[in-house]
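Engineer: Next up, final_14.txt (compact mmCIF, C-alpha atoms).
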# COMPACT_ATOMS: atom_id res chain seq x y z
CA MET A 8 42.48 25.41 -18.97
CA ILE A 9 39.13 25.56 -20.73
CA SER A 10 37.20 25.09 -17.48
CA GLU A 11 39.22 27.82 -15.75
CA GLY A 12 38.43 30.13 -18.65
CA PHE A 13 34.75 29.38 -18.31
CA GLN A 14 34.93 30.01 -14.57
CA LYS A 15 36.56 33.39 -15.09
CA LYS A 16 34.00 34.35 -17.70
CA GLY A 17 31.22 33.21 -15.40
CA ALA A 18 32.58 35.27 -12.52
CA LEU A 19 32.91 38.37 -14.74
CA TYR A 20 29.39 37.85 -16.07
CA SER A 21 27.99 37.56 -12.52
CA LEU A 22 29.86 40.73 -11.44
CA PHE A 23 28.61 42.60 -14.49
CA ALA A 24 25.02 41.43 -13.86
CA LEU A 25 25.27 42.55 -10.22
CA MET A 26 26.59 46.01 -11.14
CA LEU A 27 23.92 46.45 -13.80
CA THR A 28 21.22 45.42 -11.32
CA LEU A 29 22.51 47.95 -8.76
CA LEU A 30 22.54 50.74 -11.34
CA LEU A 31 19.00 49.94 -12.49
CA TYR A 32 17.89 49.80 -8.85
CA ARG A 33 19.38 53.26 -8.16
CA VAL A 34 17.79 54.71 -11.31
CA LEU A 35 14.43 53.35 -10.21
CA VAL A 36 14.79 54.78 -6.67
CA VAL A 37 16.20 58.20 -7.66
CA PHE A 38 13.99 58.97 -10.65
CA PHE A 39 10.74 57.18 -9.81
CA ILE A 40 10.21 55.85 -6.28
CA ASP A 41 11.50 58.79 -4.20
CA PRO A 42 10.24 61.76 -6.29
CA ILE A 43 6.99 60.31 -7.63
CA ILE A 44 5.72 57.77 -5.11
CA TYR A 45 7.06 59.27 -1.83
CA ASN A 46 7.60 62.87 -3.03
CA TRP A 47 10.91 62.93 -1.23
CA ASN A 48 13.77 65.33 -1.88
CA ARG A 49 16.54 64.27 0.44
CA PRO A 50 20.31 63.62 0.23
CA GLU A 51 19.67 59.88 -0.04
CA SER A 52 17.83 60.59 -3.28
CA SER A 53 21.05 61.72 -4.93
CA PHE A 54 22.26 59.18 -7.46
CA PHE A 55 25.82 59.20 -6.06
CA TYR A 56 24.92 59.18 -2.38
CA PRO A 57 27.83 57.26 -0.69
CA LEU A 58 25.71 54.70 1.18
CA ALA A 59 23.23 54.23 -1.65
CA PHE A 60 24.92 51.28 -3.29
CA PRO A 61 25.52 49.26 -0.06
CA VAL A 62 21.87 49.84 0.90
CA ALA A 63 20.80 48.83 -2.59
CA LEU A 64 22.96 45.71 -2.31
CA MET A 65 21.27 44.82 1.00
CA ASP A 66 17.80 45.35 -0.46
CA ILE A 67 18.54 43.25 -3.52
CA GLY A 68 20.19 40.60 -1.36
CA PHE A 69 17.11 40.40 0.88
CA VAL A 70 14.73 40.06 -2.08
CA SER A 71 17.01 37.52 -3.74
CA GLY A 72 17.26 35.52 -0.51
CA VAL A 73 13.48 35.39 -0.17
CA ALA A 74 13.14 34.32 -3.81
CA ILE A 75 15.78 31.60 -3.40
CA ALA A 76 14.12 30.38 -0.17
CA ILE A 77 10.73 30.13 -1.90
CA LYS A 78 12.32 28.26 -4.79
CA GLN A 79 14.06 25.84 -2.40
CA ILE A 80 10.80 25.21 -0.53
CA ARG A 81 8.96 24.50 -3.78
CA GLN A 82 11.72 22.13 -4.91
CA GLN A 83 11.66 20.38 -1.52
CA LEU A 84 7.88 19.93 -1.71
CA SER A 85 8.19 18.66 -5.27
CA ARG A 86 10.87 16.15 -4.25
CA ALA A 87 8.78 14.99 -1.28
CA LYS A 88 5.77 14.50 -3.54
CA LEU A 89 7.86 12.55 -6.05
CA GLU A 90 9.32 10.42 -3.25
CA GLN A 91 5.83 9.62 -1.94
CA THR A 92 4.71 8.67 -5.44
CA LEU A 93 7.70 6.34 -5.87
CA ILE A 94 7.10 4.75 -2.45
CA ARG A 95 3.41 4.22 -3.24
CA GLU A 96 4.19 2.67 -6.62
CA LYS A 97 6.83 0.40 -5.05
CA LEU A 98 4.43 -0.79 -2.33
CA GLU A 99 1.58 -1.28 -4.80
CA THR A 100 3.87 -3.35 -7.03
CA GLU A 101 4.87 -5.50 -4.05
CA LEU A 102 1.23 -5.98 -3.07
CA LYS A 103 0.35 -7.10 -6.60
CA PHE A 104 3.24 -9.54 -6.51
CA LEU A 105 2.09 -10.97 -3.17
CA ARG A 106 -1.49 -11.36 -4.39
CA ASN A 107 -0.34 -12.97 -7.62
CA GLN A 108 1.51 -15.55 -5.52
CA THR A 109 -1.82 -16.47 -3.95
CA ASN A 110 -3.78 -16.67 -7.19
CA PRO A 111 -2.00 -19.64 -8.83
CA HIS A 112 -2.34 -21.80 -5.70
CA PHE A 113 -5.96 -20.83 -5.41
CA LEU A 114 -6.77 -21.66 -9.04
CA PHE A 115 -4.69 -24.83 -9.35
CA ASN A 116 -6.23 -26.36 -6.24
CA THR A 117 -9.73 -25.56 -7.46
CA LEU A 118 -9.05 -26.95 -10.93
CA ASN A 119 -7.71 -30.15 -9.38
CA ASN A 120 -10.94 -30.50 -7.43
CA ILE A 121 -13.08 -30.10 -10.55
CA TYR A 122 -10.85 -32.49 -12.48
CA ALA A 123 -11.40 -35.14 -9.78
CA LEU A 124 -15.16 -34.62 -10.04
CA ALA A 125 -15.10 -34.85 -13.83
CA ARG A 126 -13.20 -38.16 -13.71
CA LYS A 127 -15.87 -39.56 -11.40
CA LYS A 128 -18.57 -38.13 -13.70
CA SER A 129 -20.07 -36.59 -10.61
CA GLU A 130 -23.37 -34.71 -10.80
CA GLN A 131 -21.69 -31.98 -8.77
CA THR A 132 -19.38 -31.05 -11.66
CA PRO A 133 -21.65 -28.37 -13.25
CA ASP A 134 -22.19 -26.68 -9.89
CA ALA A 135 -18.45 -26.76 -9.22
CA VAL A 136 -17.73 -25.20 -12.62
CA MET A 137 -20.24 -22.43 -11.85
CA LYS A 138 -18.56 -21.70 -8.53
CA LEU A 139 -15.19 -21.67 -10.24
CA SER A 140 -16.58 -19.14 -12.73
CA LYS A 141 -17.58 -16.89 -9.82
CA LEU A 142 -14.15 -17.26 -8.28
CA LEU A 143 -12.44 -16.38 -11.55
CA ARG A 144 -14.62 -13.30 -11.85
CA PHE A 145 -13.56 -12.36 -8.35
CA MET A 146 -9.90 -12.86 -9.28
CA LEU A 147 -10.15 -10.76 -12.43
CA TYR A 148 -12.03 -7.79 -11.02
CA ASP A 149 -12.18 -7.62 -7.23
CA THR A 150 -8.53 -8.38 -6.51
CA ALA A 151 -7.54 -5.36 -8.61
CA LYS A 152 -9.28 -3.13 -6.06
CA SER A 153 -7.55 -1.80 -2.98
CA LEU A 154 -10.52 -2.71 -0.79
CA ILE A 155 -13.66 -4.83 -1.07
CA SER A 156 -16.59 -5.29 1.27
CA ILE A 157 -16.28 -7.93 3.97
CA ASP A 158 -19.43 -9.47 2.48
CA ASP A 159 -17.69 -10.04 -0.88
CA GLU A 160 -14.66 -11.56 0.84
CA LEU A 161 -16.98 -13.79 2.84
CA LYS A 162 -18.86 -15.04 -0.25
CA MET A 163 -15.56 -15.81 -1.97
CA LEU A 164 -14.40 -17.84 1.03
CA GLU A 165 -17.71 -19.74 1.16
CA ASP A 166 -17.49 -20.62 -2.56
CA TYR A 167 -13.93 -21.83 -2.12
CA ILE A 168 -14.89 -23.91 0.93
CA ASP A 169 -17.83 -25.46 -0.96
CA LEU A 170 -15.49 -26.53 -3.75
CA GLU A 171 -12.99 -28.01 -1.33
CA LYS A 172 -15.63 -29.89 0.70
CA ILE A 173 -16.63 -31.87 -2.39
CA ARG A 174 -13.37 -33.83 -2.17
CA TYR A 175 -13.77 -35.06 1.39
CA ASN A 176 -17.43 -36.07 1.91
CA ASP A 177 -17.82 -37.46 5.45
CA LYS A 178 -14.09 -37.52 6.13
CA LEU A 179 -14.10 -33.79 6.95
CA THR A 180 -16.05 -32.00 9.66
CA LEU A 181 -16.20 -28.30 8.90
CA SER A 182 -17.84 -25.42 10.73
CA PHE A 183 -17.87 -21.74 9.81
CA LEU A 184 -19.30 -19.42 12.46
CA LYS A 185 -19.89 -15.77 11.55
CA ASP A 186 -20.75 -12.78 13.71
CA ILE A 187 -20.66 -9.76 11.40
CA THR A 188 -22.28 -6.52 12.54
CA ASP A 189 -21.52 -4.57 9.34
CA LYS A 190 -21.09 -6.49 6.08
CA ASN A 191 -20.25 -3.24 4.26
CA GLU A 192 -17.02 -2.83 6.23
CA HIS A 193 -14.03 -3.00 3.86
CA ILE A 194 -10.99 -5.26 3.79
CA SER A 195 -8.06 -5.84 1.47
CA PRO A 196 -8.95 -8.70 -0.93
CA LEU A 197 -7.49 -12.20 -0.57
CA LEU A 198 -6.18 -11.48 2.90
CA LEU A 199 -8.00 -14.40 4.56
CA LEU A 200 -7.89 -16.97 1.77
CA PRO A 201 -4.33 -18.28 2.42
CA PHE A 202 -5.36 -19.38 5.94
CA VAL A 203 -8.31 -21.36 4.60
CA GLU A 204 -6.24 -22.78 1.76
CA ASN A 205 -3.52 -23.94 4.19
CA ALA A 206 -6.13 -25.60 6.43
CA PHE A 207 -7.29 -27.76 3.52
CA LYS A 208 -3.93 -28.32 1.88
CA HIS A 209 -1.82 -29.09 4.97
CA GLY A 210 -4.61 -30.39 7.18
CA ALA A 211 -7.44 -32.24 5.49
CA SER A 212 -5.58 -33.36 2.35
CA GLU A 213 -2.55 -34.71 4.28
CA SER A 214 -4.52 -36.54 6.99
CA ARG A 215 -5.28 -40.25 6.68
CA PHE A 216 -8.15 -40.21 9.15
CA ALA A 217 -11.19 -38.06 9.94
CA THR A 218 -10.26 -34.39 10.07
CA PHE A 219 -11.82 -31.12 11.10
CA ILE A 220 -11.62 -27.44 10.20
CA HIS A 221 -13.24 -24.86 12.48
CA ILE A 222 -13.47 -21.26 11.28
CA GLU A 223 -14.79 -18.29 13.22
CA MET A 224 -15.15 -14.74 11.94
CA LYS A 225 -16.21 -11.87 14.16
CA LEU A 226 -16.47 -8.21 13.17
CA GLN A 227 -17.54 -5.51 15.61
CA ASP A 228 -16.77 -1.78 15.47
CA GLY A 229 -14.21 -2.30 12.71
CA ILE A 230 -12.26 -4.94 14.64
CA LEU A 231 -12.04 -8.20 12.70
CA THR A 232 -11.12 -11.42 14.48
CA PHE A 233 -10.55 -14.40 12.21
CA SER A 234 -9.75 -17.75 13.79
CA ILE A 235 -9.11 -21.00 11.93
CA LYS A 236 -8.20 -24.33 13.51
CA ASN A 237 -7.53 -27.57 11.65
CA SER A 238 -6.42 -31.06 12.57
CA LYS A 239 -3.18 -32.38 11.09
CA GLU A 240 -0.75 -35.25 11.25
CA ASN A 241 1.94 -35.11 13.90
CA ASN A 242 4.78 -34.09 11.58
CA GLY A 243 6.98 -32.08 13.92
CA ASP A 244 6.89 -28.58 15.32
CA LYS A 245 7.54 -26.70 12.13
CA CYS A 246 4.92 -25.75 9.62
CA GLY A 247 5.35 -27.10 6.11
CA GLY A 248 7.29 -25.07 3.57
CA ASP A 249 4.32 -24.02 1.43
CA ALA A 250 2.27 -23.15 4.52
CA ALA A 251 5.10 -21.03 5.92
CA ILE A 252 5.39 -19.20 2.58
CA GLY A 253 1.65 -18.52 2.61
CA LEU A 254 1.75 -17.18 6.18
CA ASN A 255 4.77 -15.00 5.44
CA ASN A 256 2.94 -13.67 2.39
CA VAL A 257 -0.04 -12.61 4.51
CA LYS A 258 2.18 -11.15 7.23
CA ARG A 259 3.93 -8.98 4.66
CA GLN A 260 0.59 -7.77 3.28
CA LEU A 261 -0.51 -6.90 6.80
CA GLU A 262 2.70 -4.95 7.36
CA LEU A 263 2.08 -2.95 4.20
CA LEU A 264 -1.63 -2.35 4.68
CA TYR A 265 -2.64 -2.16 8.32
CA LYS A 266 -1.22 -0.21 11.21
CA GLU A 267 -3.06 -2.18 13.90
CA TYR A 268 -3.09 -5.97 13.63
CA ASN A 269 -2.02 -9.06 15.50
CA ILE A 270 -1.46 -12.60 14.27
CA GLN A 271 -0.95 -15.63 16.51
CA VAL A 272 0.09 -19.03 15.18
CA ARG A 273 0.05 -22.20 17.27
CA ASN A 274 1.43 -25.35 15.72
CA GLU A 275 0.71 -28.20 18.10
CA ALA A 276 1.19 -31.93 17.60
CA TYR A 277 -2.21 -32.59 15.99
CA VAL A 278 -3.77 -29.14 15.67
CA PHE A 279 -2.77 -26.04 13.77
CA ASN A 280 -4.43 -22.80 14.85
CA VAL A 281 -4.22 -19.22 13.57
CA VAL A 282 -5.91 -16.20 15.14
CA LEU A 283 -5.79 -12.93 13.22
CA THR A 284 -7.04 -9.62 14.63
CA ILE A 285 -7.17 -6.50 12.46
CA ASN A 286 -8.44 -3.00 13.04
CA LEU A 287 -9.90 -2.52 9.57
CA LYS A 288 -10.13 1.23 10.16
CA SER A 289 -6.34 1.44 10.41
CA TYR A 290 -5.98 0.58 6.71
CA ALA A 291 -2.92 2.22 5.10
CA LYS A 292 -2.42 4.75 7.93
CA ASN A 293 1.26 5.82 7.85
CA LYS A 294 1.98 2.87 5.56
CA LEU A 295 0.67 3.07 2.03
CA PRO A 296 0.40 6.69 0.76
CA HIS A 297 -3.00 7.56 -0.68
CA ARG A 298 -3.42 8.78 -4.21
Any chance you could put this one into structure tokens?

Structural biologist:
Amino acid sequence: MISEGFQKKGALYSLFALMLTLLLYRVLVVFFIDPIIYNWNRPESSFFYPLAFPVALMDIGFVSGVAIAIKQIRQQLSRAKLEQTLIREKLETELKFLRNQTNPHFLFNTLNNIYALARKKSEQTPDAVMKLSKLLRFMLYDTAKSLISIDDELKMLEDYIDLEKIRYNDKLTLSFLKDITDKNEHISPLLLLPFVENAFKHGASESRFATFIHIEMKLQDGILTFSIKNSKENNGDKCGGDAAIGLNNVKRQLELLYKEYNIQVRNEAYVFNVVLTINLKSYAKNKLPHR
């Protein structure tokens, strides 16, 4: 009953507001617009001209329709902007989560390496600690950025490789070939590290005999080709659980960040090989909205 009463009052109020608007409109036309602005003296200028109120209703309806349309457009644009902001924040949160999954593995493996050196009282321990310090600095500052230079990513990989090589001595044969035309080209941080980490963790560290890791990085005209091949034990066709998680992590980052990329994984009996190709200039196009 109460709601019906409110509805009736609302309808009466709307009708009253419409009638008052029409009267004010006619007063404005009859006593100001026609005689003063247009200097007209015609039958339509009479206050009680029969067609005056329907014409006034059409005029007011047209103006009201335009105003409502503009308001709807503004609301639509505002909603679209809010939706883009929410999508960007969601994707950025997911990216941070994916990168944070990489960081613990990265740090724990490095700390284990330094611990092994310290137990042996190796002269390499101070140098390893210094490299770890550089890696921690990279983790704290550079990984918070959306993009870093390919040169910074390369230095981080080289420091990590140097720390890992300490564990293996002559057991491991490692090569890292680079053909970079522009070291100032940008890349998302920590995108390449999981491949290198997997090569050591599931290749060199799990092999009982001499092992190898071959890495090639080529960058020309914004197209990055990163290839890494490592020997491994013949443990079936499927990649290990941790390695699969790491690869899925990188694949998801690629989906979020780059429009043009390709990743090929070959898991053979004694060799594991990954080839990643990225058009670095396709970063975030149609994927991650810019601020």

Engineer: Got a sec: who's within 6 Å of Leu264 in chain A, counting all atoms listed in the file, leaving out chain neighbours fewer than 2 positions off, as a short mmCIF file (atom, residue, chain, number, x, y, z; two decimals) with C-alpha atoms, in the frame of the given file?

Structural biologist:
data_model
loop_
_atom_site.label_atom_id
_atom_site.label_comp_id
_atom_site.auth_asym_id
_atom_site.auth_seq_id
_atom_site.Cartn_x
_atom_site.Cartn_y
_atom_site.Cartn_z
CA LEU A 261 -0.51 -6.90 6.80
CA GLU A 262 2.70 -4.95 7.36
CA TYR A 290 -5.98 0.58 6.71
CA ALA A 291 -2.92 2.22 5.10
#

Engineer: What would the list of residues within 8 Å of (-18.1, -23.9, 9.0) (file frame) look like as number ranges by chain, if only C-alpha atoms are what count?

Structural biologist: A: 181-184, 220-223

Engineer: CA of Leu170 in chain A and CA of Phe279 in chain A are how many Å apart?

Structural biologist: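 These atoms are spaced 21.7 Å apart.
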
Engineer: Find the residues near Glu130 in chain A: any atom within 12 Å, counting all atoms listed in the file, skip ones fewer than 6 places away on the same chain, and give them as a list in words.

Structural biologist: Ile121, Leu124, Val136 and Ile173 of chain A

Engineer: Nearest residue to Phe219 in chain A out of A:Ile194, A:Leu263, A:Leu254, A:Val278, using only C-alpha atoms?

Structural biologist: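 Of A:Ile194, A:Leu263, A:Leu254, A:Val278, the one nearest Phe219 in chain A, counting only C-alpha atoms, is A:Val278.
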
Engineer: For a quick check of understanding, using all atoms listed in the file, which of A:Asn280, A:Thr232, A:Tyr148, A:Leu287 has the smallest distance to Lys266 in chain A?

Structural biologist: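 The shortest atom-to-atom distance to Lys266 in chain A comes from A:Leu287.
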
Engineer: May I have the residues at most 12 Å from (-13.6, -16.3, -10.3) in the file's coordinates, counting only C-alpha atoms, as a list in words?

Structural biologist: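 The residues near that point, listed by chain and number, are Asn110, Phe113, Leu114, Thr117, Leu118, Ala135, Val136, Met137, Lys138, Leu139, Ser140, Lys141, Leu142, Leu143, Arg144, Phe145, Met146, Leu147, Tyr148, Asp149, Thr150, Lys162, Met163, Leu164, Asp166 and Tyr167 of chain A.
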
Engineer: List as a list in words the protein and nucleic acid residues near Pro196 in chain A, meaning an atom at most 7 Å away when all atoms listed in the file are counted, but skip any in the same chain fewer than 6 places from it.

Structural biologist: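 The contact residues come out as Thr150, Leu154, Ile155 and Glu160 of chain A.
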
Engineer: May I ask for the distance between CA of Ala217 in chain A and CA of Asp169 in chain A, given in Å to one decimal place?

Structural biologist: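 Interatomic distance, CA of Ala217 in chain A to CA of Asp169 in chain A: 17.9 Å.
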
Engineer: What is the CA of Ser234 in chain A to CA of His193 in chain A distance in Å?

Structural biologist: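 Result for CA of Ser234 in chain A versus CA of His193 in chain A: 18.3 Å, one decimal.
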
Engineer: Might you pull out every residue within 12 Å of Ser238 in chain A, with all atoms listed in the file counted and same-chain residues fewer than 4 positions away left off, and present them as a PDB file with C-alpha atoms, in the frame of the given file?

Structural biologist:
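Okay, result.pdb is ready:
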ATOM      1  CA  LYS A 178     -14.090 -37.520   6.130  1.00  0.00           C
ATOM      2  CA  LEU A 179     -14.100 -33.790   6.950  1.00  0.00           C
ATOM      3  CA  THR A 180     -16.050 -32.000   9.660  1.00  0.00           C
ATOM      4  CA  LEU A 181     -16.200 -28.300   8.900  1.00  0.00           C
ATOM      5  CA  ASN A 205      -3.520 -23.940   4.190  1.00  0.00           C
ATOM      6  CA  ALA A 206      -6.130 -25.600   6.430  1.00  0.00           C
ATOM      7  CA  PHE A 207      -7.290 -27.760   3.520  1.00  0.00           C
ATOM      8  CA  LYS A 208      -3.930 -28.320   1.880  1.00  0.00           C
ATOM      9  CA  HIS A 209      -1.820 -29.090   4.970  1.00  0.00           C
ATOM     10  CA  GLY A 210      -4.610 -30.390   7.180  1.00  0.00           C
ATOM     11  CA  ALA A 211      -7.440 -32.240   5.490  1.00  0.00           C
ATOM     12  CA  SER A 212      -5.580 -33.360   2.350  1.00  0.00           C
ATOM     13  CA  GLU A 213      -2.550 -34.710   4.280  1.00  0.00           C
ATOM     14  CA  SER A 214      -4.520 -36.540   6.990  1.00  0.00           C
ATOM     15  CA  ARG A 215      -5.280 -40.250   6.680  1.00  0.00           C
ATOM     16  CA  PHE A 216      -8.150 -40.210   9.150  1.00  0.00           C
ATOM     17  CA  ALA A 217     -11.190 -38.060   9.940  1.00  0.00           C
ATOM     18  CA  THR A 218     -10.260 -34.390  10.070  1.00  0.00           C
ATOM     19  CA  PHE A 219     -11.820 -31.120  11.100  1.00  0.00           C
ATOM     20  CA  ILE A 220     -11.620 -27.440  10.200  1.00  0.00           C
ATOM     21  CA  HIS A 221     -13.240 -24.860  12.480  1.00  0.00           C
ATOM     22  CA  ASN A 242       4.780 -34.090  11.580  1.00  0.00           C
ATOM     23  CA  ARG A 273       0.050 -22.200  17.270  1.00  0.00           C
ATOM     24  CA  ASN A 274       1.430 -25.350  15.720  1.00  0.00           C
ATOM     25  CA  GLU A 275       0.710 -28.200  18.100  1.00  0.00           C
ATOM     26  CA  ALA A 276       1.190 -31.930  17.600  1.00  0.00           C
ATOM     27  CA  TYR A 277      -2.210 -32.590  15.990  1.00  0.00           C
ATOM     28  CA  VAL A 278      -3.770 -29.140  15.670  1.00  0.00           C
ATOM     29  CA  PHE A 279      -2.770 -26.040  13.770  1.00  0.00           C
ATOM     30  CA  ASN A 280      -4.430 -22.800  14.850  1.00  0.00           C
TER      31      ASN A 280
END

Engineer: Restricting the calculation to only C-alpha atoms: of A:Ser289, A:Val281, A:Ser85, A:Val203, which residue gets closest to Ile230 in chain A?

Structural biologist: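 Checking each candidate against Ile230 in chain A, we get A:Ser289 as the closest.
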
Engineer: Point out the residue among A:Asn120, A:Asn286, A:Leu231, A:Lys190 with the least atom-to-atom distance to Tyr175 in chain A, counting all atoms listed in the file.

Structural biologist: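 Of all the options, A:Asn120 lies closest to Tyr175 in chain A.
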
Engineer: When you look at Ile270 in chain A with a cut-off of 7 Å (counting all atoms listed in the file), what residues show up, excluding the ones that are within fewer than 3 positions of it in the same chain? I need them as a PyMOL selection string.

Structural biologist: chain A and resi 282-284

Engineer: Can you save range 160-222 of chain A of the given block to a file, including C-alpha atoms and formatted as a compact mmCIF listing (two decimals), in the first residue's frame?

Structural biologist:
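decode14.txt was written with the following content:
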# COMPACT_ATOMS: atom_id res chain seq x y z
CA GLU A 160 67.94 -9.02 -18.07
CA LEU A 161 71.08 -10.40 -19.69
CA LYS A 162 73.34 -9.33 -16.80
CA MET A 163 70.94 -10.90 -14.30
CA LEU A 164 71.00 -14.19 -16.22
CA GLU A 165 74.81 -14.14 -16.40
CA ASP A 166 75.11 -13.55 -12.63
CA TYR A 167 72.71 -16.41 -11.95
CA ILE A 168 74.59 -18.72 -14.32
CA ASP A 169 77.92 -17.82 -12.66
CA LEU A 170 76.50 -18.76 -9.27
CA GLU A 171 75.13 -22.05 -10.56
CA LYS A 172 78.35 -23.01 -12.37
CA ILE A 173 80.26 -22.95 -9.08
CA ARG A 174 78.50 -26.16 -8.02
CA TYR A 175 79.47 -28.27 -11.01
CA ASN A 176 83.11 -27.50 -11.90
CA ASP A 177 84.15 -29.72 -14.83
CA LYS A 178 81.00 -31.82 -14.70
CA LEU A 179 79.05 -29.17 -16.64
CA THR A 180 79.77 -27.82 -20.11
CA LEU A 181 77.97 -24.53 -20.60
CA SER A 182 77.85 -22.13 -23.52
CA PHE A 183 75.96 -18.87 -23.83
CA LEU A 184 75.95 -17.32 -27.30
CA LYS A 185 74.55 -13.80 -27.73
CA ASP A 186 73.71 -11.82 -30.84
CA ILE A 187 72.07 -8.61 -29.63
CA THR A 188 71.75 -5.68 -32.03
CA ASP A 189 70.10 -3.32 -29.53
CA LYS A 190 70.74 -3.84 -25.81
CA ASN A 191 68.34 -0.99 -24.98
CA GLU A 192 65.36 -2.96 -26.29
CA HIS A 193 62.91 -3.66 -23.45
CA ILE A 194 61.51 -6.89 -22.07
CA SER A 195 59.32 -7.91 -19.16
CA PRO A 196 61.59 -8.85 -16.20
CA LEU A 197 62.17 -12.47 -15.14
CA LEU A 198 60.66 -13.82 -18.33
CA LEU A 199 63.73 -15.86 -19.32
CA LEU A 200 65.00 -16.92 -15.90
CA PRO A 201 62.65 -19.92 -15.38
CA PHE A 202 64.08 -21.60 -18.51
CA VAL A 203 67.63 -21.25 -17.22
CA GLU A 204 66.62 -22.32 -13.73
CA ASN A 205 64.90 -25.46 -15.09
CA ALA A 206 67.98 -26.35 -17.16
CA PHE A 207 70.12 -26.41 -14.01
CA LYS A 208 67.55 -27.88 -11.64
CA HIS A 209 66.14 -30.65 -13.85
CA GLY A 210 69.19 -31.16 -16.05
CA ALA A 211 72.58 -30.62 -14.45
CA SER A 212 71.59 -31.24 -10.82
CA GLU A 213 69.71 -34.49 -11.59
CA SER A 214 72.33 -36.00 -13.91
CA ARG A 215 74.92 -38.45 -12.61
CA PHE A 216 77.32 -37.95 -15.48
CA ALA A 217 78.79 -35.07 -17.49
CA THR A 218 76.09 -32.66 -18.59
CA PHE A 219 75.70 -29.70 -20.88
CA ILE A 220 73.60 -26.55 -21.16
CA HIS A 221 73.63 -24.57 -24.41
CA ILE A 222 71.95 -21.15 -24.48
